[in-house]
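upload-v3.pdb, holding PDB, C-alpha atoms:
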```pdb
ATOM      1  CA  MET A   1       0.000   0.000   0.000
ATOM      2  CA  SER A   2       2.789   2.400   0.929
ATOM      3  CA  GLU A   3       4.245   1.860  -2.535
ATOM      4  CA  ILE A   4       1.012   2.938  -4.177
ATOM      5  CA  VAL A   5       0.678   5.943  -1.913
ATOM      6  CA  GLY A   6       4.264   6.882  -2.600
ATOM      7  CA  SER A   7       3.816   6.768  -6.359
ATOM      8  CA  LYS A   8       0.609   8.803  -6.092
ATOM      9  CA  SER A   9       2.334  11.475  -4.056
ATOM     10  CA  GLU A  10       5.123  11.586  -6.551
ATOM     11  CA  THR A  11       2.859  12.122  -9.522
ATOM     12  CA  LEU A  12       0.945  14.756  -7.626
ATOM     13  CA  SER A  13       4.098  16.594  -6.667
ATOM     14  CA  HIS A  14       4.508  17.357 -10.371
ATOM     15  CA  GLY A  15       1.006  18.797 -10.584
ATOM     16  CA  HIS A  16       0.578  22.460 -11.491
ATOM     17  CA  ASP A  17      -1.117  23.511  -8.270
ATOM     18  CA  VAL A  18       1.078  21.710  -5.784
ATOM     19  CA  HIS A  19       1.745  24.777  -3.680
ATOM     20  CA  LYS A  20      -1.728  26.254  -3.903
ATOM     21  CA  HIS A  21      -3.228  26.269  -0.443
ATOM     22  CA  ARG A  22      -6.708  24.857  -0.160
ATOM     23  CA  ASP A  23      -8.704  24.000   2.912
ATOM     24  CA  VAL A  24     -11.269  21.454   1.824
ATOM     25  CA  GLN A  25     -12.630  20.816   5.326
ATOM     26  CA  GLY A  26     -12.906  24.537   6.007
ATOM     27  CA  ALA A  27     -14.812  25.108   2.766
ATOM     28  CA  LYS A  28     -17.287  22.387   3.636
ATOM     29  CA  LEU A  29     -17.736  23.626   7.217
ATOM     30  CA  GLY A  30     -18.357  27.117   5.873
ATOM     31  CA  MET A  31     -20.999  25.813   3.514
ATOM     32  CA  TRP A  32     -22.673  23.898   6.342
ATOM     33  CA  LEU A  33     -22.773  27.057   8.471
ATOM     34  CA  PHE A  34     -24.541  28.829   5.622
ATOM     35  CA  LEU A  35     -26.944  25.903   5.236
ATOM     36  CA  PHE A  36     -27.854  26.234   8.935
ATOM     37  CA  THR A  37     -28.975  29.832   8.326
ATOM     38  CA  GLU A  38     -31.128  28.561   5.441
ATOM     39  CA  LEU A  39     -32.508  25.861   7.703
ATOM     40  CA  LEU A  40     -33.424  28.467  10.311
ATOM     41  CA  LEU A  41     -35.161  30.579   7.654
ATOM     42  CA  PHE A  42     -37.417  27.694   6.648
ATOM     43  CA  ALA A  43     -37.770  26.450  10.245
ATOM     44  CA  GLY A  44     -39.404  29.770  11.099
ATOM     45  CA  LEU A  45     -41.976  29.196   8.367
ATOM     46  CA  PHE A  46     -42.558  25.595   9.477
ATOM     47  CA  LEU A  47     -43.127  26.956  12.983
ATOM     48  CA  VAL A  48     -45.766  29.377  11.671
ATOM     49  CA  TYR A  49     -47.399  26.512   9.757
ATOM     50  CA  ALA A  50     -47.471  24.242  12.832
ATOM     51  CA  THR A  51     -48.874  26.970  15.082
ATOM     52  CA  TYR A  52     -51.680  27.963  12.706
ATOM     53  CA  ARG A  53     -52.459  24.344  11.971
ATOM     54  CA  TYR A  54     -52.910  23.847  15.716
ATOM     55  CA  PHE A  55     -55.378  26.749  15.889
ATOM     56  CA  HIS A  56     -57.269  25.807  12.679
ATOM     57  CA  PRO A  57     -57.021  21.996  12.344
ATOM     58  CA  VAL A  58     -60.245  21.450  10.361
ATOM     59  CA  GLN A  59     -59.713  24.369   7.976
ATOM     60  CA  PHE A  60     -56.099  23.308   7.282
ATOM     61  CA  HIS A  61     -57.382  19.786   6.666
ATOM     62  CA  ASN A  62     -59.991  20.973   4.158
ATOM     63  CA  ALA A  63     -57.593  23.331   2.367
ATOM     64  CA  GLY A  64     -55.015  20.539   2.187
ATOM     65  CA  LEU A  65     -57.489  18.411   0.229
ATOM     66  CA  GLU A  66     -57.413  21.026  -2.545
ATOM     67  CA  THR A  67     -53.693  20.723  -3.323
ATOM     68  CA  HIS A  68     -52.642  18.449  -6.185
ATOM     69  CA  THR A  69     -51.133  15.385  -4.503
ATOM     70  CA  LEU A  70     -50.060  13.856  -7.829
ATOM     71  CA  PHE A  71     -48.073  16.962  -8.846
ATOM     72  CA  GLY A  72     -46.483  17.012  -5.383
ATOM     73  CA  THR A  73     -45.529  13.324  -5.487
ATOM     74  CA  ILE A  74     -44.026  13.550  -8.982
ATOM     75  CA  ASN A  75     -42.084  16.680  -8.019
ATOM     76  CA  THR A  76     -40.726  14.931  -4.922
ATOM     77  CA  MET A  77     -39.400  12.113  -7.088
ATOM     78  CA  VAL A  78     -37.966  14.598  -9.614
ATOM     79  CA  LEU A  79     -36.024  16.418  -6.864
ATOM     80  CA  LEU A  80     -34.822  13.158  -5.265
ATOM     81  CA  THR A  81     -33.572  12.007  -8.670
ATOM     82  CA  SER A  82     -31.814  15.343  -9.175
ATOM     83  CA  SER A  83     -30.016  14.759  -5.873
ATOM     84  CA  LEU A  84     -28.887  11.365  -7.182
ATOM     85  CA  THR A  85     -27.503  12.849 -10.425
ATOM     86  CA  MET A  86     -25.778  15.533  -8.292
ATOM     87  CA  VAL A  87     -23.834  12.988  -6.201
ATOM     88  CA  LEU A  88     -23.126  10.894  -9.306
ATOM     89  CA  SER A  89     -21.634  14.004 -10.925
ATOM     90  CA  ILE A  90     -19.318  14.516  -7.938
ATOM     91  CA  GLY A  91     -18.479  10.784  -7.976
ATOM     92  CA  ALA A  92     -17.588  10.972 -11.665
ATOM     93  CA  MET A  93     -15.389  14.035 -11.041
ATOM     94  CA  GLN A  94     -13.594  12.202  -8.219
ATOM     95  CA  ARG A  95     -12.771   9.467 -10.710
ATOM     96  CA  GLY A  96     -11.599  12.012 -13.257
ATOM     97  CA  LYS A  97     -14.426  11.327 -15.694
ATOM     98  CA  LYS A  98     -15.028  14.895 -16.798
ATOM     99  CA  TRP A  99     -17.710  14.296 -19.427
ATOM    100  CA  LEU A 100     -19.655  11.925 -17.228
ATOM    101  CA  ALA A 101     -19.613  14.595 -14.511
ATOM    102  CA  VAL A 102     -20.802  17.184 -17.046
ATOM    103  CA  THR A 103     -23.623  14.873 -18.201
ATOM    104  CA  PHE A 104     -24.857  14.176 -14.656
ATOM    105  CA  LEU A 105     -24.619  17.857 -13.701
ATOM    106  CA  ALA A 106     -26.537  18.909 -16.822
ATOM    107  CA  GLY A 107     -29.105  16.250 -15.882
ATOM    108  CA  THR A 108     -29.407  17.782 -12.407
ATOM    109  CA  ILE A 109     -30.059  21.245 -13.861
ATOM    110  CA  LEU A 110     -32.581  19.766 -16.311
ATOM    111  CA  LEU A 111     -34.433  18.004 -13.463
ATOM    112  CA  GLY A 112     -34.528  21.332 -11.594
ATOM    113  CA  LEU A 113     -36.124  22.840 -14.694
ATOM    114  CA  ILE A 114     -38.674  19.992 -14.876
ATOM    115  CA  PHE A 115     -39.503  20.597 -11.205
ATOM    116  CA  LEU A 116     -40.179  24.279 -11.933
ATOM    117  CA  GLY A 117     -42.194  23.345 -15.029
ATOM    118  CA  ILE A 118     -44.493  21.076 -13.004
ATOM    119  CA  LYS A 119     -44.712  23.815 -10.356
ATOM    120  CA  TYR A 120     -45.792  26.230 -13.110
ATOM    121  CA  PHE A 121     -48.659  23.988 -14.256
ATOM    122  CA  GLU A 122     -49.663  23.366 -10.647
ATOM    123  CA  TRP A 123     -49.774  27.039  -9.688
ATOM    124  CA  THR A 124     -51.488  27.965 -12.964
ATOM    125  CA  SER A 125     -54.319  25.513 -12.319
ATOM    126  CA  GLU A 126     -54.734  26.787  -8.740
ATOM    127  CA  ILE A 127     -54.695  30.428  -9.781
ATOM    128  CA  ARG A 128     -57.297  29.603 -12.447
ATOM    129  CA  GLU A 129     -59.472  28.166  -9.668
ATOM    130  CA  GLY A 130     -59.170  31.563  -7.983
ATOM    131  CA  LEU A 131     -56.846  30.318  -5.249
ATOM    132  CA  TYR A 132     -54.118  32.924  -4.990
ATOM    133  CA  PRO A 133     -53.204  35.357  -2.189
ATOM    134  CA  GLY A 134     -55.727  38.186  -2.014
ATOM    135  CA  SER A 135     -58.132  36.642  -4.530
ATOM    136  CA  PRO A 136     -61.884  37.304  -4.036
ATOM    137  CA  ALA A 137     -62.568  33.553  -3.775
ATOM    138  CA  LEU A 138     -59.929  33.151  -1.083
ATOM    139  CA  LEU A 139     -60.984  36.190   0.933
ATOM    140  CA  ASN A 140     -64.465  34.682   1.241
ATOM    141  CA  MET A 141     -62.994  31.612   2.910
ATOM    142  CA  SER A 142     -62.284  31.050   6.594
ATOM    143  CA  ASP A 143     -59.181  32.410   8.337
ATOM    144  CA  GLY A 144     -57.580  28.960   8.471
ATOM    145  CA  GLU A 145     -57.928  28.419   4.737
ATOM    146  CA  ILE A 146     -56.565  31.904   3.941
ATOM    147  CA  LEU A 147     -53.574  31.132   6.190
ATOM    148  CA  PHE A 148     -53.058  27.720   4.571
ATOM    149  CA  TRP A 149     -52.973  29.143   1.044
ATOM    150  CA  GLY A 150     -50.812  32.069   2.129
ATOM    151  CA  LEU A 151     -48.284  29.681   3.671
ATOM    152  CA  TYR A 152     -48.538  27.362   0.671
ATOM    153  CA  TYR A 153     -47.546  30.103  -1.772
ATOM    154  CA  THR A 154     -44.936  31.605   0.568
ATOM    155  CA  MET A 155     -43.178  28.351   1.429
ATOM    156  CA  THR A 156     -43.302  26.579  -1.933
ATOM    157  CA  GLY A 157     -42.526  29.952  -3.590
ATOM    158  CA  LEU A 158     -39.466  30.572  -1.410
ATOM    159  CA  HIS A 159     -38.430  26.992  -2.088
ATOM    160  CA  ALA A 160     -38.841  27.516  -5.858
ATOM    161  CA  VAL A 161     -36.610  30.631  -5.592
ATOM    162  CA  HIS A 162     -33.989  28.383  -3.982
ATOM    163  CA  VAL A 163     -34.323  25.904  -6.851
ATOM    164  CA  ILE A 164     -33.714  28.749  -9.334
ATOM    165  CA  VAL A 165     -30.671  29.970  -7.363
ATOM    166  CA  GLY A 166     -29.414  26.371  -7.133
ATOM    167  CA  MET A 167     -29.745  25.970 -10.897
ATOM    168  CA  ILE A 168     -27.761  29.189 -11.487
ATOM    169  CA  ILE A 169     -25.012  27.967  -9.121
ATOM    170  CA  LEU A 170     -24.920  24.555 -10.833
ATOM    171  CA  THR A 171     -24.681  26.251 -14.246
ATOM    172  CA  PHE A 172     -21.562  28.076 -12.999
ATOM    173  CA  MET A 173     -20.188  24.719 -11.805
ATOM    174  CA  LEU A 174     -20.842  23.278 -15.272
ATOM    175  CA  VAL A 175     -18.771  26.092 -16.814
ATOM    176  CA  PHE A 176     -16.042  25.556 -14.186
ATOM    177  CA  ILE A 177     -15.808  21.867 -15.100
ATOM    178  CA  LEU A 178     -15.617  22.711 -18.815
ATOM    179  CA  THR A 179     -12.858  25.295 -18.248
ATOM    180  CA  GLY A 180     -10.977  22.940 -15.922
ATOM    181  CA  THR A 181     -11.307  25.130 -12.802
ATOM    182  CA  ILE A 182     -13.045  22.126 -11.288
ATOM    183  CA  ASN A 183     -10.997  18.997 -11.950
ATOM    184  CA  GLN A 184     -10.192  15.630 -10.418
ATOM    185  CA  ASN A 185      -7.786  17.170  -7.904
ATOM    186  CA  ASP A 186      -9.911  20.185  -6.991
ATOM    187  CA  TYR A 187     -13.649  19.668  -6.974
ATOM    188  CA  ILE A 188     -14.566  21.315  -3.665
ATOM    189  CA  LYS A 189     -16.718  23.908  -5.470
ATOM    190  CA  LEU A 190     -18.785  21.127  -6.995
ATOM    191  CA  GLU A 191     -19.091  19.432  -3.598
ATOM    192  CA  THR A 192     -20.280  22.552  -1.759
ATOM    193  CA  ALA A 193     -22.698  23.418  -4.596
ATOM    194  CA  GLY A 194     -23.986  19.867  -4.212
ATOM    195  CA  LEU A 195     -24.555  20.427  -0.478
ATOM    196  CA  TYR A 196     -26.731  23.440  -1.320
ATOM    197  CA  TRP A 197     -28.699  21.428  -3.861
ATOM    198  CA  HIS A 198     -29.325  18.638  -1.336
ATOM    199  CA  LEU A 199     -30.557  21.167   1.240
ATOM    200  CA  ILE A 200     -33.184  22.299  -1.272
ATOM    201  CA  ASP A 201     -34.156  18.641  -1.614
ATOM    202  CA  ILE A 202     -34.421  18.194   2.166
ATOM    203  CA  ILE A 203     -36.670  21.253   2.550
ATOM    204  CA  TRP A 204     -38.971  19.847  -0.128
ATOM    205  CA  ILE A 205     -39.027  16.468   1.683
ATOM    206  CA  PHE A 206     -40.744  18.299   4.581
ATOM    207  CA  LEU A 207     -42.905  20.630   2.482
ATOM    208  CA  PHE A 208     -44.362  17.687   0.567
ATOM    209  CA  PRO A 209     -46.210  15.901   3.431
ATOM    210  CA  LEU A 210     -47.310  19.154   5.090
ATOM    211  CA  PHE A 211     -49.021  20.611   2.023
ATOM    212  CA  TYR A 212     -49.928  17.560  -0.053
ATOM    213  CA  LEU A 213     -50.383  14.561   2.237
ATOM    214  CA  ILE A 214     -51.609  15.324   5.750
ATOM    215  CA  ASN A 215     -55.298  15.838   5.007
TER     216      ASN A 215
ATOM    217  CA  MET B 216      -7.214   2.365  -0.434
ATOM    218  CA  GLU B 217      -5.029   3.448  -3.343
ATOM    219  CA  SER B 218      -6.883   6.733  -3.607
ATOM    220  CA  GLN B 219      -6.179   7.635   0.008
ATOM    221  CA  GLU B 220      -3.575  10.269  -0.692
ATOM    222  CA  THR B 221      -5.122  11.846  -3.786
ATOM    223  CA  ASN B 222      -5.470  15.108  -1.942
ATOM    224  CA  VAL B 223      -1.962  15.159  -0.593
ATOM    225  CA  GLN B 224      -1.295  18.467  -2.329
ATOM    226  CA  THR B 225      -3.655  20.204   0.036
ATOM    227  CA  TYR B 226      -0.882  19.472   2.574
ATOM    228  CA  SER B 227      -3.286  19.268   5.424
ATOM    229  CA  HIS B 228      -1.631  18.256   8.667
ATOM    230  CA  ASP B 229      -4.435  15.748   9.069
ATOM    231  CA  HIS B 230      -4.030  13.143   6.379
ATOM    232  CA  ALA B 231      -6.689  10.886   7.810
ATOM    233  CA  ALA B 232      -9.275  13.636   7.358
ATOM    234  CA  GLU B 233      -8.170  14.366   3.812
ATOM    235  CA  SER B 234      -8.415  10.751   2.775
ATOM    236  CA  LYS B 235     -12.150  10.845   3.457
ATOM    237  CA  HIS B 236     -12.564  13.632   0.955
ATOM    238  CA  ALA B 237     -10.655  11.646  -1.634
ATOM    239  CA  GLU B 238     -12.161   8.208  -1.267
ATOM    240  CA  PRO B 239     -15.056   7.971  -3.707
ATOM    241  CA  ILE B 240     -18.210   6.214  -2.620
ATOM    242  CA  GLY B 241     -19.490   3.629  -5.062
ATOM    243  CA  TYR B 242     -22.173   4.636  -7.554
ATOM    244  CA  GLY B 243     -24.129   1.591  -6.362
ATOM    245  CA  THR B 244     -24.486   2.996  -2.833
ATOM    246  CA  TYR B 245     -25.981   6.209  -4.204
ATOM    247  CA  ILE B 246     -28.396   4.334  -6.437
ATOM    248  CA  LEU B 247     -29.532   2.137  -3.520
ATOM    249  CA  VAL B 248     -30.149   5.211  -1.364
ATOM    250  CA  TRP B 249     -32.085   6.812  -4.224
ATOM    251  CA  LEU B 250     -34.241   3.681  -4.585
ATOM    252  CA  ALA B 251     -34.942   3.784  -0.840
ATOM    253  CA  LEU B 252     -35.924   7.470  -1.099
ATOM    254  CA  ILE B 253     -38.288   6.793  -4.011
ATOM    255  CA  ALA B 254     -39.795   3.814  -2.154
ATOM    256  CA  LEU B 255     -40.347   5.935   0.972
ATOM    257  CA  THR B 256     -42.014   8.648  -1.129
ATOM    258  CA  ALA B 257     -44.381   6.067  -2.644
ATOM    259  CA  LEU B 258     -45.010   4.652   0.831
ATOM    260  CA  THR B 259     -45.846   8.022   2.393
ATOM    261  CA  ALA B 260     -48.172   8.884  -0.524
ATOM    262  CA  VAL B 261     -50.016   5.551  -0.185
ATOM    263  CA  VAL B 262     -50.186   5.668   3.624
ATOM    264  CA  SER B 263     -51.676   9.192   3.495
ATOM    265  CA  GLY B 264     -54.746   7.667   1.840
ATOM    266  CA  VAL B 265     -55.285   5.410   4.838
ATOM    267  CA  ASN B 266     -57.107   6.977   7.732
ATOM    268  CA  LEU B 267     -54.778   6.754  10.717
ATOM    269  CA  ALA B 268     -56.448   9.589  12.618
ATOM    270  CA  ALA B 269     -53.936  11.269  14.908
ATOM    271  CA  PHE B 270     -51.101   9.108  13.629
ATOM    272  CA  THR B 271     -51.270  10.533  10.083
ATOM    273  CA  VAL B 272     -49.019  13.476  10.959
ATOM    274  CA  VAL B 273     -46.631  11.310  12.989
ATOM    275  CA  VAL B 274     -46.242   8.680  10.241
ATOM    276  CA  ALA B 275     -45.709  11.332   7.543
ATOM    277  CA  LEU B 276     -43.105  13.161   9.648
ATOM    278  CA  VAL B 277     -41.248   9.967  10.620
ATOM    279  CA  ILE B 278     -40.985   9.019   6.924
ATOM    280  CA  ALA B 279     -39.850  12.581   6.050
ATOM    281  CA  LEU B 280     -37.209  12.469   8.808
ATOM    282  CA  THR B 281     -35.972   9.076   7.557
ATOM    283  CA  LYS B 282     -35.654  10.449   4.024
ATOM    284  CA  ALA B 283     -33.874  13.590   5.262
ATOM    285  CA  SER B 284     -31.402  11.550   7.314
ATOM    286  CA  LEU B 285     -30.595   9.395   4.260
ATOM    287  CA  VAL B 286     -29.900  12.523   2.204
ATOM    288  CA  VAL B 287     -27.821  14.147   4.977
ATOM    289  CA  ASN B 288     -25.798  11.019   5.801
ATOM    290  CA  ILE B 289     -25.110   9.632   2.343
ATOM    291  CA  PHE B 290     -25.724  12.312  -0.308
ATOM    292  CA  MET B 291     -24.309  15.088   1.888
ATOM    293  CA  HIS B 292     -21.575  12.754   3.207
ATOM    294  CA  ILE B 293     -22.087  13.542   6.900
ATOM    295  CA  LYS B 294     -21.626   9.857   7.749
ATOM    296  CA  PHE B 295     -18.146   9.961   6.223
ATOM    297  CA  GLU B 296     -17.077  13.376   7.524
ATOM    298  CA  ASP B 297     -15.001  14.299  10.570
ATOM    299  CA  PHE B 298     -16.541  14.398  14.008
ATOM    300  CA  ILE B 299     -16.628  18.215  13.979
ATOM    301  CA  PHE B 300     -19.301  18.118  11.219
ATOM    302  CA  LYS B 301     -21.497  15.950  13.410
ATOM    303  CA  ILE B 302     -21.047  18.356  16.336
ATOM    304  CA  PHE B 303     -22.012  21.281  14.063
ATOM    305  CA  LEU B 304     -25.114  19.477  12.869
ATOM    306  CA  SER B 305     -26.084  18.438  16.400
ATOM    307  CA  ILE B 306     -25.862  22.027  17.658
ATOM    308  CA  ALA B 307     -28.024  23.239  14.769
ATOM    309  CA  GLY B 308     -30.529  20.425  15.327
ATOM    310  CA  PHE B 309     -30.611  21.048  19.082
ATOM    311  CA  THR B 310     -31.255  24.770  18.494
ATOM    312  CA  LEU B 311     -34.211  23.932  16.246
ATOM    313  CA  ILE B 312     -35.623  21.496  18.831
ATOM    314  CA  VAL B 313     -35.385  24.185  21.543
ATOM    315  CA  ILE B 314     -37.120  26.769  19.336
ATOM    316  CA  PHE B 315     -39.921  24.358  18.395
ATOM    317  CA  THR B 316     -40.398  23.040  21.946
ATOM    318  CA  LEU B 317     -40.603  26.510  23.498
ATOM    319  CA  THR B 318     -43.013  27.749  20.828
ATOM    320  CA  PHE B 319     -45.261  24.698  21.131
ATOM    321  CA  ALA B 320     -45.260  25.011  24.930
ATOM    322  CA  ASP B 321     -46.268  28.660  24.582
ATOM    323  CA  VAL B 322     -49.016  27.910  22.046
ATOM    324  CA  TYR B 323     -50.376  24.966  24.025
ATOM    325  CA  PHE B 324     -50.629  26.701  27.401
ATOM    326  CA  ARG B 325     -51.956  29.921  25.908
ATOM    327  CA  ARG B 326     -55.195  28.299  24.882
TER     328      ARG B 326
END
```

Any chance you could give the structure as structure tokens?
Amino acid sequence: MSEIVGSKSETLSHGHDVHKHRDVQGAKLGMWLFLFTELLLFAGLFLVYATYRYFHPVQFHNAGLETHTLFGTINTMVLLTSSLTMVLSIGAMQRGKKWLAVTFLAGTILLGLIFLGIKYFEWTSEIREGLYPGSPALLNMSDGEILFWGLYYTMTGLHAVHVIVGMIILTFMLVFILTGTINQNDYIKLETAGLYWHLIDIIWIFLFPLFYLIN
Amino acid sequence: MESQETNVQTYSHDHAAESKHAEPIGYGTYILVWLALIALTALTAVVSGVNLAAFTVVVALVIALTKASLVVNIFMHIKFEDFIFKIFLSIAGFTLIVIFTLTFADVYFRR
């Protein structure tokens, strides 16, 4: 084993960025700290949801029946699959397979786009039914239902903004791989971008049952 | 094992920690985790149709927590990271539990 390690070190010592200082652990810890602030942002909204659900259980139940469970379920699977292609992209980069990494990353961005597309059809159909914040149909409903739909648009909307931001970040990563800034020996940017993408997935994992299932 | 020192050029004083960054996890592991996540999603969607009364919320949240822990541990690599990452995550999780517990206590006794 020591022989293999030795030969690896030797080849690496001839690499172009041998003396470039990088702190991989520090970069990841920094990203995690940022993710905690994101978690707190959404936790606040989940707290509001839980509190109002406690005060208006029946109205939340009835409003929850109106959301499109099928759209929600498909979108959950789309996002979970995008998380898979994300880790596969990092795995491919670790093995030095640049084009495989590019393919998986492009797939991740495409799945993000599909998620937003389904979201578009979902919201369009709800808005057509007159269910949007401040709509006459909604204002005639009970307080609990107004709160449910307000939280629905706020939370899934804020989540969709995160998906858009995630897609922009991943597009930059795609360019970085193509230009060689991200390569087999330095792929920390891709890893931290992946962490952000997975956080978006995790938030959706909790949004899905609360708005589409518990009813 | 042969990929242990791939990141040697980062000249971290802690080689053991660096090796974790370098050692790729098999594609198969990721695909298995993904299959489990899809299966759990199907399960939670099906179970929601069954009337479990008060347990509906509990079952849905337990499944969501299981899915989230799979993503955090495997996809986000927490299982393979240094101990400090687990401490970080525990502090964040503990903070959230405190915030939720205090708020729920307030809401419950206010009524």

Exercise. Using all atoms listed in the file, which of the listed residues (B:Val273, B:Leu255, B:Leu285, B:Ala307) sits closest to chain A?
Worked result: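 Looking only at the distances to chain A, the closest residue turns out to be B:Ala307.
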
For this session: Could you list the residues in chain A lying within 6 Å of chain B, using all atoms listed in the file, and format the result as an MDAnalysis selection string?
Result: chainID A and resid 18 22 195 202 205:206 213

Can you spit out the residues from that selection as a tab-separated table (two decimals), in the coordinates of the input, using C-alpha atoms?
```tsv
chain	number	residue	atom	x	y	z
A	18	VAL	CA	1.08	21.71	-5.78
A	22	ARG	CA	-6.71	24.86	-0.16
A	195	LEU	CA	-24.56	20.43	-0.48
A	202	ILE	CA	-34.42	18.19	2.17
A	205	ILE	CA	-39.03	16.47	1.68
A	206	PHE	CA	-40.74	18.30	4.58
A	213	LEU	CA	-50.38	14.56	2.24
```

Problem set entry | Close residues, range 159-162 of chain A itself excluded, 8 Å, all atoms listed in the file, min 6 positions apart in chain, as a ChimeraX atom specification | /A:116,200,203-204

For this session: Would you list the residues near (-41.6, 25.2, 15.3) (no more than 10 Å away, in the coordinates of the file, using only C-alpha atoms) as a list in words?
Result: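 Looking at atoms near the point gives Phe42, Ala43, Gly44, Leu45, Phe46, Leu47, Val48, Tyr49, Ala50 and Thr51 of chain A; Leu311, Ile312, Val313, Ile314, Phe315, Thr316, Leu317, Thr318 and Phe319 of chain B.
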
Quick one: write out the picked residues with C-alpha atoms as a PDB file, keeping the file's coordinate frame?
```pdb
ATOM      1  CA  PHE A  42     -37.417  27.694   6.648  1.00  0.00           C
ATOM      2  CA  ALA A  43     -37.770  26.450  10.245  1.00  0.00           C
ATOM      3  CA  GLY A  44     -39.404  29.770  11.099  1.00  0.00           C
ATOM      4  CA  LEU A  45     -41.976  29.196   8.367  1.00  0.00           C
ATOM      5  CA  PHE A  46     -42.558  25.595   9.477  1.00  0.00           C
ATOM      6  CA  LEU A  47     -43.127  26.956  12.983  1.00  0.00           C
ATOM      7  CA  VAL A  48     -45.766  29.377  11.671  1.00  0.00           C
ATOM      8  CA  TYR A  49     -47.399  26.512   9.757  1.00  0.00           C
ATOM      9  CA  ALA A  50     -47.471  24.242  12.832  1.00  0.00           C
ATOM     10  CA  THR A  51     -48.874  26.970  15.082  1.00  0.00           C
TER      11      THR A  51
ATOM     12  CA  LEU B 311     -34.211  23.932  16.246  1.00  0.00           C
ATOM     13  CA  ILE B 312     -35.623  21.496  18.831  1.00  0.00           C
ATOM     14  CA  VAL B 313     -35.385  24.185  21.543  1.00  0.00           C
ATOM     15  CA  ILE B 314     -37.120  26.769  19.336  1.00  0.00           C
ATOM     16  CA  PHE B 315     -39.921  24.358  18.395  1.00  0.00           C
ATOM     17  CA  THR B 316     -40.398  23.040  21.946  1.00  0.00           C
ATOM     18  CA  LEU B 317     -40.603  26.510  23.498  1.00  0.00           C
ATOM     19  CA  THR B 318     -43.013  27.749  20.828  1.00  0.00           C
ATOM     20  CA  PHE B 319     -45.261  24.698  21.131  1.00  0.00           C
TER      21      PHE B 319
END
```

For this session: Calculate how many Å separate CA of Ser82 in chain A from CA of Leu70 in chain A, rounding to one decimal.
Result: 18.4 Å

Seminar exercise, completed: Expressed in Å, the length from CA of Ser135 in chain A to CA of Tyr152 in chain A is 14.3 Å

For this session: For Met173 in chain A, please output as a ChimeraX atom specification all residues within 8 Å (counting all atoms listed in the file; exclusion window: fewer than 4 positions along the same chain).
Result: /A:169,177,182,189-190,193

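Counting from CA of Phe115 in chain A, the distance to CA of Thr67 in chain A is 16.2 Å.
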
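Run against this file, the PyMOL selection byres ((chain A and resi 79) around 10) gives back Ile74, Asn75, Thr76, Met77, Val78, Leu80, Thr81, Ser82, Ser83, Leu84, Thr85, Thr108, Leu111, Gly112, Ile114, Phe115, Val163, Trp197, His198, Ile200, Asp201, Ile202, Trp204 and Ile205 of chain A.
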